[in-house]
Amino acid sequence: MAIEMATASVDGLGDVVGALRDWQGDDTPHQLHPGDVGWFWRFGAEKTAASIRTWRRDGAIVALGLLDEADLIRIAFDPAALQDAELAEQVAADVAEPERGVLVAGKVFVEAPAGSLVKDMLFKAGWNLDEPWVPVRRDLSQPVPVPELRVDVIGSEEAHERVTVQRESFDGSTFTNERWFTMADGIPYADARCLVGRNQLGESVAAVTVWSAGEGKPGYLEPMGVHRMHRGRGYGEAITLAAAHALQEMGASVAYTCTPGFNVGAIATYEAAGFVRGEDLRDLRRDA
């Protein structure tokens, strides 16, 4: 059957999130998670839909990509189609040719799961490996210690605290109260929680959002941050433990995230919280 690429519609976002949930598994390669779409949803359903490309065969989604930026697409595949030659050829052509409406001309980036045929095709076509990202994960089959930090699940009344920690954790953050409410209205957030850690004075010192893909599937941390005024006190490790504990309560099989290889502080924080570093992952880059 012919493969058709299209931009997602707002009405079709449920199918997109459903496909990503179905594709998650402990034995499948690291790839786009429903939580990635959920975090992007802070910009609104319309922009989220406009930033998603789907590839369908006989009406079923077999691959999809999220345009995190105009020059970066993060692609996920039905695990049964990772080595599908027809699909790989179609996706490779669509991301390489700007007139097809996926990536812009010039320098661009593609994230694709390890072991996917499209990654091999793009590499052979002259694309280069980009800087490493480091996946970390913690098995949730055993009890997770409860951190020595007060951690609250954030609702609408405390959303501003989650937003404040985010803005004070990441330089240039554009997160706002309005964007938190927009994110919380999104389909993926039905399986998510925002957590805020407080010190002994009750001050908000760290925060994380955790995303479930369903019972027995990997759960995702995105994003996690510590308020710049409260760093160096172990709050990053504590809120990461709280995230793993929350995902365990939500039925996740593992808790995982991915961070740039140069961010040695974040990697050390995750490892201190019992997360195990995996093999480096690299996007593909086409230079201008």
# chains A, B, ... in the order shown; residues from 1 in each chain; ligands from 1

call {"tool": "residues_around", "arguments": {"residues": "Asp185 in chain A", "least_positions_apart": "5", "cutoff": "10 Å", "atoms": "only C-alpha atoms", "output": "ChimeraX atom specification"}}
result
/A:38,41-42,44-45,179-180,190

call {"tool": "write_last_selection", "arguments": {"atoms": "C-alpha atoms", "output": "PDB file, in the first residue's frame"}}
result
ATOM      1  CA  GLY A  38       2.495  16.659  26.054  1.00  0.00           C
ATOM      2  CA  TRP A  41       1.283  21.092  23.958  1.00  0.00           C
ATOM      3  CA  ARG A  42       1.995  24.138  26.151  1.00  0.00           C
ATOM      4  CA  GLY A  44      -1.573  25.009  22.139  1.00  0.00           C
ATOM      5  CA  ALA A  45      -3.336  22.222  20.266  1.00  0.00           C
ATOM      6  CA  ARG A 179       1.095  27.765  29.052  1.00  0.00           C
ATOM      7  CA  TRP A 180       0.849  25.492  32.084  1.00  0.00           C
ATOM      8  CA  ALA A 190      -4.315  12.955  31.529  1.00  0.00           C
TER       9      ALA A 190
END

call {"tool": "residues_around", "arguments": {"residues": "Asn128 in chain A", "least_positions_apart": "5", "cutoff": "10 Å", "atoms": "only C-alpha atoms", "output": "number ranges by chain"}}
result
A: 109, 122-123, 282-287

call {"tool": "select_by_dssp", "arguments": {"residues": "range 91-182 of chain A", "states": "helix (DSSP H, G or I)", "output": "PyMOL selection string"}}
result
chain A and resi 91-96+98-100+117-124+156-169+177-182

call {"tool": "atom_distance", "arguments": {"atom1": "CA of Gln24 in chain A", "atom2": "CA of Thr240 in chain A"}}
result
21.2 Å

call {"tool": "atom_distance", "arguments": {"atom1": "CA of Val144 in chain A", "atom2": "CA of His245 in chain A"}}
result
5.6 Å

call {"tool": "closest_residue", "arguments": {"among": "A:Ser116, A:Thr7, A:Ser212, A:Ser141", "to": "Leu20 in chain A", "atoms": "only C-alpha atoms"}}
result
A:Ser212

call {"tool": "residues_around", "arguments": {"residues": "Pro147 in chain A", "least_positions_apart": "6", "cutoff": "12 Å", "atoms": "only C-alpha atoms", "output": "number ranges by chain"}}
result
A: 197-199, 234-246, 273

call {"tool": "write_last_selection", "arguments": {"atoms": "all heavy atoms", "output": "mmCIF file, in the first residue's frame"}}
result
data_model
loop_
_atom_site.group_PDB
_atom_site.id
_atom_site.type_symbol
_atom_site.label_atom_id
_atom_site.label_comp_id
_atom_site.auth_asym_id
_atom_site.auth_seq_id
_atom_site.Cartn_x
_atom_site.Cartn_y
_atom_site.Cartn_z
ATOM 1 N N GLY A 197 9.060 20.240 44.693
ATOM 2 C CA GLY A 197 9.713 19.950 45.962
ATOM 3 C C GLY A 197 9.891 21.218 46.775
ATOM 4 O O GLY A 197 10.183 22.288 46.219
ATOM 5 N N ARG A 198 9.705 21.105 48.088
ATOM 6 C CA ARG A 198 9.792 22.277 48.973
ATOM 7 C C ARG A 198 10.835 22.025 50.071
ATOM 8 O O ARG A 198 10.945 20.907 50.592
ATOM 9 C CB ARG A 198 8.439 22.570 49.620
ATOM 10 C CG ARG A 198 7.288 22.712 48.620
ATOM 11 C CD ARG A 198 5.998 23.102 49.349
ATOM 12 N NE ARG A 198 4.844 23.042 48.467
ATOM 13 C CZ ARG A 198 4.509 23.986 47.596
ATOM 14 N NH1 ARG A 198 5.258 25.062 47.508
ATOM 15 N NH2 ARG A 198 3.439 23.855 46.838
ATOM 16 N N ASN A 199 11.554 23.070 50.403
ATOM 17 C CA ASN A 199 12.503 22.954 51.510
ATOM 18 C C ASN A 199 11.778 23.107 52.851
ATOM 19 O O ASN A 199 10.543 23.201 52.893
ATOM 20 C CB ASN A 199 13.643 23.979 51.361
ATOM 21 C CG ASN A 199 13.151 25.421 51.420
ATOM 22 O OD1 ASN A 199 12.009 25.708 51.809
ATOM 23 N ND2 ASN A 199 14.021 26.350 51.046
ATOM 24 N N GLY A 234 21.229 19.006 46.988
ATOM 25 C CA GLY A 234 20.671 17.675 46.794
ATOM 26 C C GLY A 234 19.232 17.652 46.352
ATOM 27 O O GLY A 234 18.612 16.578 46.286
ATOM 28 N N TYR A 235 18.668 18.812 46.012
ATOM 29 C CA TYR A 235 17.259 18.855 45.627
ATOM 30 C C TYR A 235 17.015 18.205 44.257
ATOM 31 O O TYR A 235 15.926 17.673 44.007
ATOM 32 C CB TYR A 235 16.755 20.298 45.612
ATOM 33 C CG TYR A 235 16.756 20.957 46.973
ATOM 34 C CD1 TYR A 235 17.135 22.295 47.108
ATOM 35 C CD2 TYR A 235 16.385 20.265 48.116
ATOM 36 C CE1 TYR A 235 17.126 22.920 48.358
ATOM 37 C CE2 TYR A 235 16.385 20.875 49.362
ATOM 38 C CZ TYR A 235 16.755 22.205 49.475
ATOM 39 O OH TYR A 235 16.754 22.815 50.712
ATOM 40 N N GLY A 236 18.017 18.252 43.381
ATOM 41 C CA GLY A 236 17.858 17.611 42.083
ATOM 42 C C GLY A 236 17.703 16.103 42.217
ATOM 43 O O GLY A 236 16.823 15.490 41.607
ATOM 44 N N GLU A 237 18.566 15.503 43.040
ATOM 45 C CA GLU A 237 18.462 14.068 43.296
ATOM 46 C C GLU A 237 17.122 13.735 43.938
ATOM 47 O O GLU A 237 16.455 12.746 43.563
ATOM 48 C CB GLU A 237 19.606 13.619 44.202
ATOM 49 C CG GLU A 237 19.538 12.150 44.599
ATOM 50 C CD GLU A 237 20.617 11.757 45.599
ATOM 51 O OE1 GLU A 237 21.560 12.556 45.798
ATOM 52 O OE2 GLU A 237 20.510 10.669 46.181
ATOM 53 N N ALA A 238 16.691 14.547 44.903
ATOM 54 C CA ALA A 238 15.452 14.273 45.624
ATOM 55 C C ALA A 238 14.240 14.353 44.700
ATOM 56 O O ALA A 238 13.352 13.479 44.742
ATOM 57 C CB ALA A 238 15.297 15.247 46.787
ATOM 58 N N ILE A 239 14.156 15.381 43.845
ATOM 59 C CA ILE A 239 12.982 15.507 42.976
ATOM 60 C C ILE A 239 13.000 14.442 41.889
ATOM 61 O O ILE A 239 11.940 13.988 41.437
ATOM 62 C CB ILE A 239 12.900 16.932 42.361
ATOM 63 C CG1 ILE A 239 11.478 17.203 41.845
ATOM 64 C CG2 ILE A 239 13.923 17.116 41.267
ATOM 65 C CD1 ILE A 239 10.430 17.326 42.908
ATOM 66 N N THR A 240 14.192 13.976 41.507
ATOM 67 C CA THR A 240 14.282 12.882 40.536
ATOM 68 C C THR A 240 13.793 11.581 41.154
ATOM 69 O O THR A 240 13.076 10.795 40.508
ATOM 70 C CB THR A 240 15.725 12.740 40.032
ATOM 71 O OG1 THR A 240 16.138 13.972 39.423
ATOM 72 C CG2 THR A 240 15.834 11.622 39.011
ATOM 73 N N LEU A 241 14.150 11.342 42.408
ATOM 74 C CA LEU A 241 13.615 10.172 43.121
ATOM 75 C C LEU A 241 12.092 10.267 43.234
ATOM 76 O O LEU A 241 11.381 9.272 43.063
ATOM 77 C CB LEU A 241 14.236 10.068 44.512
ATOM 78 C CG LEU A 241 15.526 9.271 44.675
ATOM 79 C CD1 LEU A 241 16.024 9.379 46.106
ATOM 80 C CD2 LEU A 241 15.317 7.811 44.285
ATOM 81 N N ALA A 242 11.605 11.467 43.538
ATOM 82 C CA ALA A 242 10.156 11.662 43.640
ATOM 83 C C ALA A 242 9.484 11.366 42.303
ATOM 84 O O ALA A 242 8.385 10.793 42.265
ATOM 85 C CB ALA A 242 9.855 13.091 44.085
ATOM 86 N N ALA A 243 10.120 11.746 41.211
ATOM 87 C CA ALA A 243 9.568 11.466 39.884
ATOM 88 C C ALA A 243 9.489 9.968 39.635
ATOM 89 O O ALA A 243 8.467 9.462 39.141
ATOM 90 C CB ALA A 243 10.429 12.137 38.817
ATOM 91 N N ALA A 244 10.558 9.248 39.972
ATOM 92 C CA ALA A 244 10.557 7.797 39.792
ATOM 93 C C ALA A 244 9.485 7.151 40.656
ATOM 94 O O ALA A 244 8.783 6.221 40.224
ATOM 95 C CB ALA A 244 11.935 7.232 40.128
ATOM 96 N N HIS A 245 9.351 7.635 41.883
ATOM 97 C CA HIS A 245 8.348 7.091 42.805
ATOM 98 C C HIS A 245 6.940 7.333 42.259
ATOM 99 O O HIS A 245 6.071 6.440 42.300
ATOM 100 C CB HIS A 245 8.511 7.742 44.179
ATOM 101 C CG HIS A 245 7.748 7.077 45.269
ATOM 102 N ND1 HIS A 245 6.460 7.444 45.616
ATOM 103 C CD2 HIS A 245 8.067 6.044 46.088
ATOM 104 C CE1 HIS A 245 6.040 6.682 46.607
ATOM 105 N NE2 HIS A 245 6.993 5.829 46.914
ATOM 106 N N ALA A 246 6.697 8.535 41.717
ATOM 107 C CA ALA A 246 5.378 8.848 41.159
ATOM 108 C C ALA A 246 5.071 7.967 39.956
ATOM 109 O O ALA A 246 3.951 7.461 39.818
ATOM 110 C CB ALA A 246 5.325 10.326 40.769
ATOM 111 N N ALA A 273 20.367 9.398 41.750
ATOM 112 C CA ALA A 273 19.000 8.971 42.049
ATOM 113 C C ALA A 273 18.733 7.543 41.571
ATOM 114 O O ALA A 273 17.571 7.121 41.520
ATOM 115 C CB ALA A 273 18.002 9.931 41.413
#

call {"tool": "closest_residue", "arguments": {"among": "A:Gly261, A:Pro34, A:Gly59, A:Gly25", "to": "Gly216 in chain A", "atoms": "only C-alpha atoms"}}
result
A:Gly25

call {"tool": "residues_around", "arguments": {"residues": "Asp15 in chain A", "least_positions_apart": "5", "cutoff": "12 Å", "atoms": "only C-alpha atoms", "output": "number ranges by chain"}}
result
A: 8-10, 20-22, 34, 49, 52, 54, 56, 59-64, 187-188

call {"tool": "write_last_selection", "arguments": {"atoms": "C-alpha atoms", "output": "PDB file, in the first residue's frame"}}
result
ATOM      1  CA  ALA A   8      -1.717  16.286  11.774  1.00  0.00           C
ATOM      2  CA  SER A   9      -5.048  17.921  12.510  1.00  0.00           C
ATOM      3  CA  VAL A  10      -6.250  18.955  15.961  1.00  0.00           C
ATOM      4  CA  LEU A  20       3.035   6.791  20.626  1.00  0.00           C
ATOM      5  CA  ARG A  21       1.606   5.049  23.672  1.00  0.00           C
ATOM      6  CA  ASP A  22       1.271   1.793  21.746  1.00  0.00           C
ATOM      7  CA  PRO A  34       3.735  10.837  24.524  1.00  0.00           C
ATOM      8  CA  ALA A  49      -0.916  19.635  15.337  1.00  0.00           C
ATOM      9  CA  ILE A  52       3.431  16.919  13.700  1.00  0.00           C
ATOM     10  CA  THR A  54       2.356  11.465  10.173  1.00  0.00           C
ATOM     11  CA  ARG A  56       0.285   6.287   7.162  1.00  0.00           C
ATOM     12  CA  GLY A  59      -4.869   4.461   7.091  1.00  0.00           C
ATOM     13  CA  ALA A  60      -2.698   3.318  10.008  1.00  0.00           C
ATOM     14  CA  ILE A  61       0.075   5.510  11.419  1.00  0.00           C
ATOM     15  CA  VAL A  62       3.413   3.736  10.923  1.00  0.00           C
ATOM     16  CA  ALA A  63       5.698   6.681  11.725  1.00  0.00           C
ATOM     17  CA  LEU A  64       5.320  10.223  13.023  1.00  0.00           C
ATOM     18  CA  ILE A 187      -4.570  14.834  25.902  1.00  0.00           C
ATOM     19  CA  PRO A 188      -1.196  13.525  27.186  1.00  0.00           C
TER      20      PRO A 188
END

call {"tool": "closest_atom_pairs", "arguments": {"of": "range 112-214 of chain A", "to": "range 68-88 of chain A", "cutoff": "6 Å", "atoms": "only C-alpha atoms", "output": "tab-separated table"}}
result
residue	atom	partner	partner_atom	distance
A:Ala112	CA	A:Ile75	CA	5.1
A:Ser116	CA	A:Leu82	CA	4.6
A:Leu117	CA	A:Gln83	CA	5.0
A:Val118	CA	A:Ala88	CA	4.5

call {"tool": "write_last_selection", "arguments": {"atoms": "N, CA, C and O atoms", "output": "short mmCIF file (atom, residue, chain, number, x, y, z; two decimals), in the first residue's frame"}}
result
data_model
loop_
_atom_site.label_atom_id
_atom_site.label_comp_id
_atom_site.auth_asym_id
_atom_site.auth_seq_id
_atom_site.Cartn_x
_atom_site.Cartn_y
_atom_site.Cartn_z
N ALA A 112 16.11 10.01 15.19
CA ALA A 112 15.43 8.76 14.85
C ALA A 112 15.96 7.66 15.76
O ALA A 112 17.12 7.72 16.20
N SER A 116 16.93 2.07 13.35
CA SER A 116 15.96 2.36 12.30
C SER A 116 16.68 2.47 10.96
O SER A 116 17.75 3.06 10.86
N LEU A 117 16.07 1.90 9.92
CA LEU A 117 16.68 1.89 8.60
C LEU A 117 16.84 3.30 8.05
O LEU A 117 17.80 3.60 7.34
N VAL A 118 15.92 4.20 8.39
CA VAL A 118 16.01 5.56 7.86
C VAL A 118 17.29 6.25 8.35
O VAL A 118 17.89 7.05 7.62
#

call {"tool": "closest_residue", "arguments": {"among": "A:Gly232, A:Gly274, A:Gly12, A:Gly186", "to": "Pro143 in chain A", "atoms": "only C-alpha atoms"}}
result
A:Gly274

call {"tool": "select_by_dssp", "arguments": {"residues": "range 35-108 of chain A", "states": "strand (DSSP E or B)", "output": "number ranges by chain"}}
result
A: 52-57, 60-69, 72-77, 108

call {"tool": "residues_around", "arguments": {"residues": "Ser156 in chain A", "least_positions_apart": "2", "cutoff": "12 Å", "atoms": "only C-alpha atoms", "output": "compact mmCIF listing (two decimals) with all heavy atoms, in the first residue's frame"}}
result
# COMPACT_ATOMS: atom_id res chain seq x y z
N VAL A 153 2.02 17.25 44.58
CA VAL A 153 1.48 17.19 43.23
C VAL A 153 0.76 18.51 42.97
O VAL A 153 -0.09 18.92 43.74
CB VAL A 153 0.51 16.00 43.07
CG1 VAL A 153 -0.09 15.99 41.67
CG2 VAL A 153 1.23 14.69 43.36
N ILE A 154 1.10 19.15 41.87
CA ILE A 154 0.63 20.50 41.60
C ILE A 154 -0.68 20.48 40.80
O ILE A 154 -0.78 19.80 39.77
CB ILE A 154 1.70 21.29 40.82
CG1 ILE A 154 2.93 21.51 41.72
CG2 ILE A 154 1.16 22.61 40.30
CD1 ILE A 154 2.63 22.28 42.99
N GLU A 158 -1.75 25.84 42.37
CA GLU A 158 -0.32 26.01 42.63
C GLU A 158 0.49 26.05 41.34
O GLU A 158 1.72 26.00 41.37
CB GLU A 158 0.21 24.85 43.49
CG GLU A 158 -0.52 24.64 44.80
CD GLU A 158 -1.70 23.68 44.65
OE1 GLU A 158 -1.87 23.10 43.56
OE2 GLU A 158 -2.45 23.53 45.63
N ALA A 159 -0.18 26.15 40.21
CA ALA A 159 0.52 26.09 38.92
C ALA A 159 1.61 27.15 38.83
O ALA A 159 2.67 26.91 38.24
CB ALA A 159 -0.47 26.26 37.78
N HIS A 160 1.36 28.33 39.41
CA HIS A 160 2.35 29.40 39.32
C HIS A 160 3.67 29.01 39.97
O HIS A 160 4.74 29.49 39.57
CB HIS A 160 1.80 30.67 39.98
CG HIS A 160 1.53 30.54 41.45
ND1 HIS A 160 0.41 29.88 41.93
CD2 HIS A 160 2.24 30.94 42.54
CE1 HIS A 160 0.43 29.92 43.25
NE2 HIS A 160 1.53 30.54 43.65
N GLU A 161 3.63 28.12 40.97
CA GLU A 161 4.87 27.67 41.61
C GLU A 161 5.66 26.77 40.68
O GLU A 161 6.90 26.87 40.60
CB GLU A 161 4.55 26.96 42.92
CG GLU A 161 3.88 27.84 43.96
CD GLU A 161 3.72 27.12 45.28
OE1 GLU A 161 4.75 26.78 45.90
OE2 GLU A 161 2.56 26.88 45.68
N ARG A 162 4.96 25.90 39.98
CA ARG A 162 5.63 25.05 38.98
C ARG A 162 6.27 25.92 37.91
O ARG A 162 7.41 25.67 37.48
CB ARG A 162 4.61 24.08 38.35
CG ARG A 162 5.16 23.27 37.16
CD ARG A 162 6.16 22.25 37.65
NE ARG A 162 6.74 21.49 36.55
CZ ARG A 162 7.87 21.83 35.93
NH1 ARG A 162 8.50 22.95 36.25
NH2 ARG A 162 8.38 21.06 34.97
N VAL A 163 5.56 26.93 37.48
CA VAL A 163 6.06 27.83 36.44
C VAL A 163 7.28 28.59 36.93
O VAL A 163 8.28 28.72 36.21
CB VAL A 163 4.95 28.81 35.99
CG1 VAL A 163 5.51 29.90 35.08
CG2 VAL A 163 3.83 28.04 35.30
N ASN A 177 2.15 30.88 33.27
CA ASN A 177 0.97 30.27 33.86
C ASN A 177 -0.01 29.83 32.77
O ASN A 177 -0.60 28.75 32.84
CB ASN A 177 0.28 31.27 34.79
CG ASN A 177 1.09 31.57 36.03
OD1 ASN A 177 2.06 30.87 36.34
ND2 ASN A 177 0.72 32.61 36.74
N GLU A 178 -0.21 30.68 31.77
CA GLU A 178 -1.13 30.35 30.69
C GLU A 178 -0.69 29.09 29.96
O GLU A 178 -1.53 28.23 29.64
CB GLU A 178 -1.22 31.51 29.70
CG GLU A 178 -2.18 31.27 28.54
CD GLU A 178 -2.22 32.42 27.56
OE1 GLU A 178 -1.47 33.41 27.77
OE2 GLU A 178 -2.99 32.33 26.59
N ARG A 179 0.61 28.96 29.75
CA ARG A 179 1.10 27.77 29.05
C ARG A 179 0.97 26.51 29.91
O ARG A 179 0.77 25.42 29.39
CB ARG A 179 2.54 27.99 28.57
CG ARG A 179 2.58 28.94 27.39
CD ARG A 179 3.96 29.15 26.82
NE ARG A 179 3.86 29.93 25.58
CZ ARG A 179 4.89 30.37 24.88
NH1 ARG A 179 6.14 30.12 25.32
NH2 ARG A 179 4.71 31.06 23.77
N TRP A 180 1.07 26.66 31.23
CA TRP A 180 0.85 25.49 32.08
C TRP A 180 -0.59 25.01 31.92
O TRP A 180 -0.83 23.81 31.76
CB TRP A 180 1.12 25.81 33.56
CG TRP A 180 1.01 24.57 34.42
CD1 TRP A 180 2.01 23.70 34.74
CD2 TRP A 180 -0.19 24.04 35.01
NE1 TRP A 180 1.51 22.66 35.49
CE2 TRP A 180 0.17 22.85 35.67
CE3 TRP A 180 -1.52 24.44 35.04
CZ2 TRP A 180 -0.75 22.06 36.37
CZ3 TRP A 180 -2.45 23.66 35.73
CH2 TRP A 180 -2.06 22.49 36.39
N PHE A 181 -1.55 25.91 31.96
CA PHE A 181 -2.95 25.53 31.83
C PHE A 181 -3.23 24.94 30.44
O PHE A 181 -4.01 23.99 30.31
CB PHE A 181 -3.86 26.72 32.11
CG PHE A 181 -4.03 27.02 33.57
CD1 PHE A 181 -3.26 28.01 34.18
CD2 PHE A 181 -4.93 26.31 34.35
CE1 PHE A 181 -3.40 28.29 35.54
CE2 PHE A 181 -5.08 26.57 35.71
CZ PHE A 181 -4.31 27.57 36.30
N THR A 182 -2.60 25.48 29.42
CA THR A 182 -2.76 24.93 28.08
C THR A 182 -2.22 23.51 28.02
O THR A 182 -2.87 22.61 27.47
CB THR A 182 -2.04 25.81 27.05
OG1 THR A 182 -2.59 27.13 27.08
CG2 THR A 182 -2.19 25.25 25.64
N MET A 183 -1.04 23.29 28.59
CA MET A 183 -0.45 21.95 28.65
C MET A 183 -1.34 20.98 29.42
O MET A 183 -1.58 19.85 29.00
CB MET A 183 0.93 22.02 29.31
CG MET A 183 1.62 20.68 29.51
SD MET A 183 3.18 20.84 30.44
CE MET A 183 2.56 21.15 32.10
N ALA A 184 -1.86 21.45 30.56
CA ALA A 184 -2.67 20.59 31.41
C ALA A 184 -4.00 20.22 30.76
O ALA A 184 -4.62 19.22 31.13
CB ALA A 184 -2.93 21.27 32.75
N ASP A 185 -4.44 21.00 29.79
CA ASP A 185 -5.67 20.68 29.05
C ASP A 185 -5.42 19.68 27.92
O ASP A 185 -6.37 19.20 27.30
CB ASP A 185 -6.27 21.96 28.45
CG ASP A 185 -6.99 22.80 29.49
OD1 ASP A 185 -7.35 22.25 30.54
OD2 ASP A 185 -7.17 24.01 29.25
N ARG A 193 1.81 14.15 35.78
CA ARG A 193 1.75 14.89 37.04
C ARG A 193 2.89 15.90 37.06
O ARG A 193 4.00 15.59 36.61
CB ARG A 193 1.93 13.96 38.26
CG ARG A 193 0.81 12.96 38.49
CD ARG A 193 1.14 12.09 39.69
NE ARG A 193 0.18 11.00 39.85
CZ ARG A 193 0.33 10.00 40.72
NH1 ARG A 193 1.39 9.98 41.52
NH2 ARG A 193 -0.58 9.05 40.81
N CYS A 194 2.61 17.07 37.61
CA CYS A 194 3.66 18.05 37.92
C CYS A 194 3.94 17.96 39.41
O CYS A 194 3.02 18.01 40.24
CB CYS A 194 3.24 19.45 37.53
SG CYS A 194 3.47 19.86 35.80

call {"tool": "residues_around", "arguments": {"residues": "range 135-140 of chain A", "least_positions_apart": "4", "cutoff": "12 Å", "atoms": "only C-alpha atoms", "output": "PyMOL selection string"}}
result
chain A and resi 26+29-31+144-145+215-221+240-241+243-261+263+266-282

call {"tool": "residues_around", "arguments": {"residues": "Val226 in chain A", "least_positions_apart": "2", "cutoff": "6 Å", "atoms": "only C-alpha atoms", "output": "ChimeraX atom specification"}}
result
/A:169,205-206,236

call {"tool": "write_last_selection", "arguments": {"atoms": "C-alpha atoms", "output": "PDB file, in the first residue's frame"}}
result
ATOM      1  CA  SER A 169      15.860  26.614  36.397  1.00  0.00           C
ATOM      2  CA  VAL A 205      13.070  24.594  45.200  1.00  0.00           C
ATOM      3  CA  ALA A 206      12.721  21.951  42.446  1.00  0.00           C
ATOM      4  CA  GLY A 236      17.858  17.611  42.083  1.00  0.00           C
TER       5      GLY A 236
END

call {"tool": "closest_residue", "arguments": {"among": "A:Gly214, A:Arg150, A:Val264, A:Gly202", "to": "Val134 in chain A", "atoms": "only C-alpha atoms"}}
result
A:Val264

call {"tool": "atom_distance", "arguments": {"atom1": "CA of Gln142 in chain A", "atom2": "CA of Asp191 in chain A"}}
result
21.5 Å

call {"tool": "closest_residue", "arguments": {"among": "A:Met5, A:Ala125, A:Val17, A:Ala114", "to": "Val102 in chain A", "atoms": "only C-alpha atoms"}}
result
A:Met5
